file final.cif (mmCIF, C-alpha atoms)
data_final
#
loop_
_atom_site.group_PDB
_atom_site.id
_atom_site.type_symbol
_atom_site.label_atom_id
_atom_site.label_comp_id
_atom_site.auth_asym_id
_atom_site.auth_seq_id
_atom_site.Cartn_x
_atom_site.Cartn_y
_atom_site.Cartn_z
ATOM 1 C CA MET A 11 0.000 0.000 0.000
ATOM 2 C CA ASP A 12 2.938 2.295 -0.590
ATOM 3 C CA VAL A 13 1.398 5.437 -2.079
ATOM 4 C CA ASP A 14 4.355 6.948 -3.882
ATOM 5 C CA GLY A 15 7.419 4.865 -3.114
ATOM 6 C CA ASP A 16 8.576 7.142 -0.301
ATOM 7 C CA GLY A 17 7.358 4.978 2.541
ATOM 8 C CA ILE A 18 3.981 6.673 2.904
ATOM 9 C CA HIS A 19 1.398 3.967 3.575
ATOM 10 C CA ILE A 20 -2.227 5.173 3.530
ATOM 11 C CA GLY A 21 -5.380 3.118 3.951
ATOM 12 C CA PHE A 22 -7.189 0.566 6.078
ATOM 13 C CA GLY A 23 -4.924 -1.829 7.969
ATOM 14 C CA VAL A 24 -1.603 -0.328 6.846
ATOM 15 C CA SER A 25 -0.285 -0.320 10.429
ATOM 16 C CA GLU A 26 0.288 -4.059 9.846
ATOM 17 C CA ASP A 27 3.024 -3.072 7.363
ATOM 18 C CA LEU A 28 5.027 -1.577 10.244
ATOM 19 C CA ASP A 29 6.060 -5.099 11.231
ATOM 20 C CA ASP A 30 8.132 -5.395 8.025
ATOM 21 C CA VAL A 31 10.099 -2.289 9.021
ATOM 22 C CA LEU A 32 10.522 -3.381 12.656
ATOM 23 C CA ARG A 33 12.095 -6.680 11.552
ATOM 24 C CA THR A 34 14.996 -4.786 9.970
ATOM 25 C CA TYR A 35 15.949 -3.079 13.261
ATOM 26 C CA GLN A 36 17.307 -4.551 16.470
ATOM 27 C CA ASN A 37 16.176 -2.090 19.144
ATOM 28 C CA PRO A 38 13.224 0.079 18.029
ATOM 29 C CA VAL A 39 11.500 2.304 20.590
ATOM 30 C CA PHE A 40 7.929 3.618 20.432
ATOM 31 C CA ILE A 41 7.187 7.141 21.706
ATOM 32 C CA CYS A 42 3.563 7.946 22.548
ATOM 33 C CA ASP A 43 1.300 9.195 25.303
ATOM 34 C CA SER A 44 -1.313 7.110 27.084
ATOM 35 C CA THR A 45 -4.124 8.484 24.893
ATOM 36 C CA THR A 46 -2.411 7.821 21.557
ATOM 37 C CA ARG A 47 -1.247 4.411 22.752
ATOM 38 C CA ALA A 48 -4.860 3.491 23.569
ATOM 39 C CA MET A 49 -5.915 4.560 20.042
ATOM 40 C CA ALA A 50 -3.246 2.466 18.317
ATOM 41 C CA GLU A 51 -2.865 -0.510 20.653
ATOM 42 C CA PRO A 52 -5.727 -2.586 19.206
ATOM 43 C CA PHE A 53 -3.895 -2.487 15.856
ATOM 44 C CA LEU A 54 -0.297 -2.680 17.148
ATOM 45 C CA GLU A 55 -0.707 -4.942 20.154
ATOM 46 C CA GLU A 56 2.090 -7.394 19.301
ATOM 47 C CA GLU A 57 4.520 -4.676 18.217
ATOM 48 C CA LEU A 58 4.010 -2.766 21.461
ATOM 49 C CA LYS A 59 4.590 -5.969 23.468
ATOM 50 C CA ASP A 60 7.816 -6.770 21.605
ATOM 51 C CA CYS A 61 9.449 -3.313 21.702
ATOM 52 C CA LEU A 62 10.364 -0.755 24.321
ATOM 53 C CA VAL A 63 7.779 2.008 24.769
ATOM 54 C CA ILE A 64 8.236 5.513 26.149
ATOM 55 C CA GLU A 65 4.743 6.459 27.271
ATOM 56 C CA LEU A 66 4.339 10.102 28.242
ATOM 57 C CA SER A 67 1.544 11.632 30.261
ATOM 58 C CA PRO A 68 -0.873 13.605 28.051
ATOM 59 C CA GLU A 69 -1.601 16.091 30.862
ATOM 60 C CA ASP A 70 1.692 17.986 30.634
ATOM 61 C CA LEU A 71 2.642 17.071 27.086
ATOM 62 C CA ALA A 72 4.199 19.968 25.183
ATOM 63 C CA VAL A 73 7.134 20.757 22.997
ATOM 64 C CA ASN A 74 9.225 22.409 25.669
ATOM 65 C CA ASP A 75 12.660 21.845 27.167
ATOM 66 C CA ALA A 76 11.291 19.744 30.053
ATOM 67 C CA CYS A 77 9.475 17.273 27.765
ATOM 68 C CA VAL A 78 12.391 17.093 25.336
ATOM 69 C CA GLU A 79 14.720 16.305 28.247
ATOM 70 C CA ARG A 80 12.287 13.684 29.565
ATOM 71 C CA VAL A 81 12.213 11.916 26.197
ATOM 72 C CA LEU A 82 15.996 12.098 25.760
ATOM 73 C CA SER A 83 16.656 10.775 29.272
ATOM 74 C CA GLN A 84 14.220 7.885 28.769
ATOM 75 C CA LEU A 85 15.862 7.115 25.428
ATOM 76 C CA GLU A 86 19.206 7.008 27.208
ATOM 77 C CA VAL A 87 17.820 4.380 29.592
ATOM 78 C CA CYS A 88 16.490 2.393 26.616
ATOM 79 C CA ASP A 89 19.840 2.752 24.872
ATOM 80 C CA LEU A 90 22.087 1.828 27.788
ATOM 81 C CA GLY A 91 20.060 -0.064 30.331
ATOM 82 C CA GLN A 92 17.584 -2.245 28.488
ATOM 83 C CA SER A 93 19.635 -3.882 25.756
ATOM 84 C CA SER A 94 23.189 -4.457 24.638
ATOM 85 C CA VAL A 95 22.080 -3.097 21.251
ATOM 86 C CA PRO A 96 21.710 0.686 20.845
ATOM 87 C CA VAL A 97 18.362 2.213 19.963
ATOM 88 C CA ASP A 98 18.253 2.204 16.167
ATOM 89 C CA LEU A 99 14.709 3.315 15.255
ATOM 90 C CA LEU A 100 12.046 5.513 16.838
ATOM 91 C CA ILE A 101 8.336 5.146 16.124
ATOM 92 C CA ALA A 102 6.061 8.095 16.923
ATOM 93 C CA ILE A 103 2.463 7.198 17.758
ATOM 94 C CA GLY A 104 0.550 10.437 17.954
ATOM 95 C CA SER A 105 0.184 13.776 16.329
ATOM 96 C CA GLY A 106 2.277 16.950 16.161
ATOM 97 C CA VAL A 107 3.654 17.125 19.706
ATOM 98 C CA ILE A 108 4.692 13.462 19.826
ATOM 99 C CA HIS A 109 6.287 13.799 16.381
ATOM 100 C CA ASP A 110 8.238 16.904 17.406
ATOM 101 C CA LEU A 111 9.521 15.177 20.560
ATOM 102 C CA THR A 112 10.468 12.138 18.463
ATOM 103 C CA ARG A 113 12.375 14.409 16.043
ATOM 104 C CA PHE A 114 14.579 15.567 18.926
ATOM 105 C CA GLY A 115 15.373 11.937 19.771
ATOM 106 C CA ALA A 116 16.060 11.027 16.135
ATOM 107 C CA LYS A 117 18.428 13.976 15.822
ATOM 108 C CA GLU A 118 20.206 13.228 19.113
ATOM 109 C CA TYR A 119 20.797 9.587 18.168
ATOM 110 C CA GLY A 120 21.242 10.117 14.426
ATOM 111 C CA ILE A 121 18.618 7.481 13.633
ATOM 112 C CA PRO A 122 15.475 7.335 11.482
ATOM 113 C CA PHE A 123 11.945 7.426 12.741
ATOM 114 C CA ALA A 124 8.646 6.043 11.597
ATOM 115 C CA SER A 125 5.213 7.521 12.145
ATOM 116 C CA VAL A 126 1.851 6.087 13.138
ATOM 117 C CA PRO A 127 -0.263 9.257 13.150
ATOM 118 C CA THR A 128 -3.349 9.575 15.316
ATOM 119 C CA LYS A 129 -6.083 12.179 15.372
ATOM 120 C CA PRO A 130 -4.770 15.702 16.033
ATOM 121 C CA ASP A 131 -5.819 17.178 19.347
ATOM 122 C CA GLU A 132 -5.688 20.476 21.232
ATOM 123 C CA GLU A 133 -2.070 19.911 22.285
ATOM 124 C CA ASP A 134 -1.038 20.209 18.663
ATOM 125 C CA MET A 135 -1.994 23.854 18.782
ATOM 126 C CA CYS A 136 0.425 24.542 21.646
ATOM 127 C CA GLN A 137 3.408 26.759 21.165
ATOM 128 C CA ARG A 138 6.782 25.194 20.616
ATOM 129 C CA GLN A 139 8.772 26.570 23.548
ATOM 130 C CA THR A 140 12.214 25.028 23.327
ATOM 131 C CA THR A 141 15.584 26.706 23.459
ATOM 132 C CA GLU A 142 16.536 24.664 20.387
ATOM 133 C CA ALA A 143 14.480 24.696 17.186
ATOM 134 C CA VAL A 144 12.498 21.547 16.425
ATOM 135 C CA PRO A 145 14.652 19.466 14.061
ATOM 136 C CA GLU A 146 13.389 19.469 10.491
ATOM 137 C CA ILE A 147 13.369 15.717 10.082
ATOM 138 C CA ILE A 148 10.536 13.890 8.349
ATOM 139 C CA PRO A 149 9.689 10.279 9.091
ATOM 140 C CA ARG A 150 11.227 7.684 6.798
ATOM 141 C CA TRP A 151 7.959 5.728 6.925
ATOM 142 C CA VAL A 152 4.399 6.826 7.641
ATOM 143 C CA PHE A 153 1.667 4.305 8.425
ATOM 144 C CA ALA A 154 -1.539 6.372 8.242
ATOM 145 C CA ASP A 155 -4.128 3.744 9.125
ATOM 146 C CA ALA A 156 -7.783 4.680 8.644
ATOM 147 C CA GLN A 157 -8.708 2.351 11.516
ATOM 148 C CA ILE A 158 -6.642 4.502 13.907
ATOM 149 C CA LEU A 159 -7.305 7.910 12.349
ATOM 150 C CA CYS A 160 -10.959 7.951 11.398
ATOM 151 C CA ALA A 161 -14.091 7.738 13.471
ATOM 152 C CA GLU A 162 -16.398 4.910 12.544
ATOM 153 C CA GLY A 163 -18.974 6.123 10.055
ATOM 154 C CA ALA A 164 -16.853 9.051 8.820
ATOM 155 C CA ASN A 165 -17.652 9.985 5.245
ATOM 156 C CA ARG A 166 -14.997 10.245 2.520
ATOM 157 C CA SER A 167 -14.574 14.000 2.929
ATOM 158 C CA GLU A 168 -14.082 13.653 6.697
ATOM 159 C CA ARG A 169 -11.535 10.876 6.143
ATOM 160 C CA LEU A 170 -9.598 12.994 3.612
ATOM 161 C CA ASP A 171 -9.501 15.903 6.067
ATOM 162 C CA MET A 172 -8.356 13.654 8.917
ATOM 163 C CA PHE A 173 -5.589 12.101 6.795
ATOM 164 C CA THR A 174 -4.494 15.548 5.591
ATOM 165 C CA HIS A 175 -4.239 16.969 9.123
ATOM 166 C CA ALA A 176 -2.478 13.857 10.432
ATOM 167 C CA LEU A 177 0.072 13.739 7.607
ATOM 168 C CA GLU A 178 0.795 17.456 7.972
ATOM 169 C CA ALA A 179 1.357 16.891 11.716
ATOM 170 C CA CYS A 180 3.983 14.291 10.708
ATOM 171 C CA GLY A 181 5.815 17.081 8.920
ATOM 172 C CA LEU A 182 4.847 16.103 5.382
ATOM 173 C CA LYS A 183 3.910 18.742 2.849
ATOM 174 C CA GLN A 184 0.574 18.298 1.063
ATOM 175 C CA GLU A 185 2.188 18.002 -2.339
ATOM 176 C CA LEU A 186 3.791 14.722 -1.174
ATOM 177 C CA PHE A 187 0.481 13.020 -0.525
ATOM 178 C CA ARG A 188 -2.672 15.001 -1.357
ATOM 179 C CA GLU A 189 -3.139 13.913 -4.984
ATOM 180 C CA LYS A 190 -2.489 10.264 -4.175
ATOM 181 C CA LEU A 191 -4.755 10.516 -1.138
ATOM 182 C CA GLU A 192 -7.618 11.848 -3.252
ATOM 183 C CA GLU A 193 -7.163 8.994 -5.758
ATOM 184 C CA ARG A 194 -7.651 6.346 -3.056
ATOM 185 C CA ASP A 195 -11.016 4.742 -2.561
ATOM 186 C CA PHE A 196 -11.512 4.327 1.150
#

call {"tool": "encode", "arguments": {"input": "final.cif", "output": "structure tokens"}}
result
Amino acid sequence: MDVDGDGIHIGFGVSEDLDDVLRTYQNPVFICDSTTRAMAEPFLEEELKDCLVIELSPEDLAVNDACVERVLSQLEVCDLGQSSVPVDLLIAIGSGVIHDLTRFGAKEYGIPFASVPTKPDEEDMCQRQTTEAVPEIIPRWVFADAQILCAEGANRSERLDMFTHALEACGLKQELFREKLEERDF
């Protein structure tokens, strides 16, 4: 279900394709909050059991120095304390804030990240208040699964809007996906 060869997977059930990517890495780490984990867990149950997970609290989630430091310190524990193999892939489960925090980790460790976008929420409208600019890194793979993103019974227009907002929150520009998204029948 690769839309344009760039690792952007869009449609129903595409989160299952994440397993193919995970098999090529030795120590992947998921970054999410408890809300976004609950949204994705029914579709990623085995993957979340098999990998380390940094689960943040949604109450104080923001792109600020404290949250960036929290993610980086937890990644350090995953990198040094949990395995003899260094962290080699990050997977963001969430929307804009989770993706921005994951970008900091990807930059710090010099590793790629994958994205499982969820519905945008109010936190995505928060200001980015870090002393360092958010790294301009886009995910190597995006698994935009309609089962995670879209409310049951959503019409085609609502699904297109939800995918558009979610993919933009991943850091992708509309020209990378909009035309292909509109061609899909879902």

call {"tool": "residues_around", "arguments": {"input": "final.cif", "residues": "Glu79 in chain A", "least_positions_apart": "2", "cutoff": "12 Å", "atoms": "all atoms listed in the file", "output": "NGL selection string"}}
result
:A and (72-77 or 81-86 or 111-112 or 114-115 or 118 or 140-142)

call {"tool": "atom_distance", "arguments": {"input": "final.cif", "atom1": "CA of Pro38 in chain A", "atom2": "CA of Ser125 in chain A"}}
result
12.4 Å

call {"tool": "resolve_selection", "arguments": {"input": "final.cif", "expression": "the PyMOL selection byres ((chain A and resi 178-193) around 6)", "output": "NGL selection string"}}
result
:A and (105-106 or 148 or 175-177 or 194)

call {"tool": "resolve_selection", "arguments": {"input": "final.cif", "expression": "the PyMOL selection byres ((chain A and resi 36) around 7)", "output": "PyMOL selection string"}}
result
chain A and resi 34-35+37-38+95+98

call {"tool": "closest_atom_pairs", "arguments": {"input": "final.cif", "of": "range 63-143 of chain A", "to": "range 159-167 of chain A", "cutoff": "8 Å", "atoms": "only C-alpha atoms", "output": "Markdown table"}}
result
| residue | atom | partner | partner_atom | distance |
| --- | --- | --- | --- | --- |
| A:Pro127 | CA | A:Leu159 | CA | 7.2 |
| A:Thr128 | CA | A:Leu159 | CA | 5.2 |
| A:Lys129 | CA | A:Leu159 | CA | 5.4 |

call {"tool": "resolve_selection", "arguments": {"input": "final.cif", "expression": "the PyMOL selection byres ((chain A and resi 45) around 12)", "output": "JSON, numbers by chain"}}
result
{"A": [41, 42, 43, 44, 46, 47, 48, 49, 50, 51, 65, 66, 67, 68, 69, 71, 103, 104, 105, 108, 128, 129, 130, 131, 133, 158]}

call {"tool": "atom_distance", "arguments": {"input": "final.cif", "atom1": "CA of Glu55 in chain A", "atom2": "CA of Pro145 in chain A"}}
result
29.5 Å

call {"tool": "closest_residue", "arguments": {"input": "final.cif", "among": "A:Ile18, A:Val152, A:Ala102, A:Val126", "to": "Phe53 in chain A", "atoms": "only C-alpha atoms"}}
result
A:Val126

call {"tool": "closest_residue", "arguments": {"input": "final.cif", "among": "A:Ile147, A:His19, A:Ser25, A:Val39", "to": "Leu54 in chain A", "atoms": "only C-alpha atoms"}}
result
A:Ser25

call {"tool": "closest_residue", "arguments": {"input": "final.cif", "among": "A:Ile121, A:Arg169, A:Leu28, A:Pro149", "to": "His109 in chain A", "atoms": "only C-alpha atoms"}}
result
A:Pro149

call {"tool": "atom_distance", "arguments": {"input": "final.cif", "atom1": "CA of Lys117 in chain A", "atom2": "CA of Arg80 in chain A"}}
result
15.1 Å

call {"tool": "closest_residue", "arguments": {"input": "final.cif", "among": "A:Ala154, A:Val31, A:Val144, A:Val24", "to": "Arg113 in chain A", "atoms": "all atoms listed in the file"}}
result
A:Val144
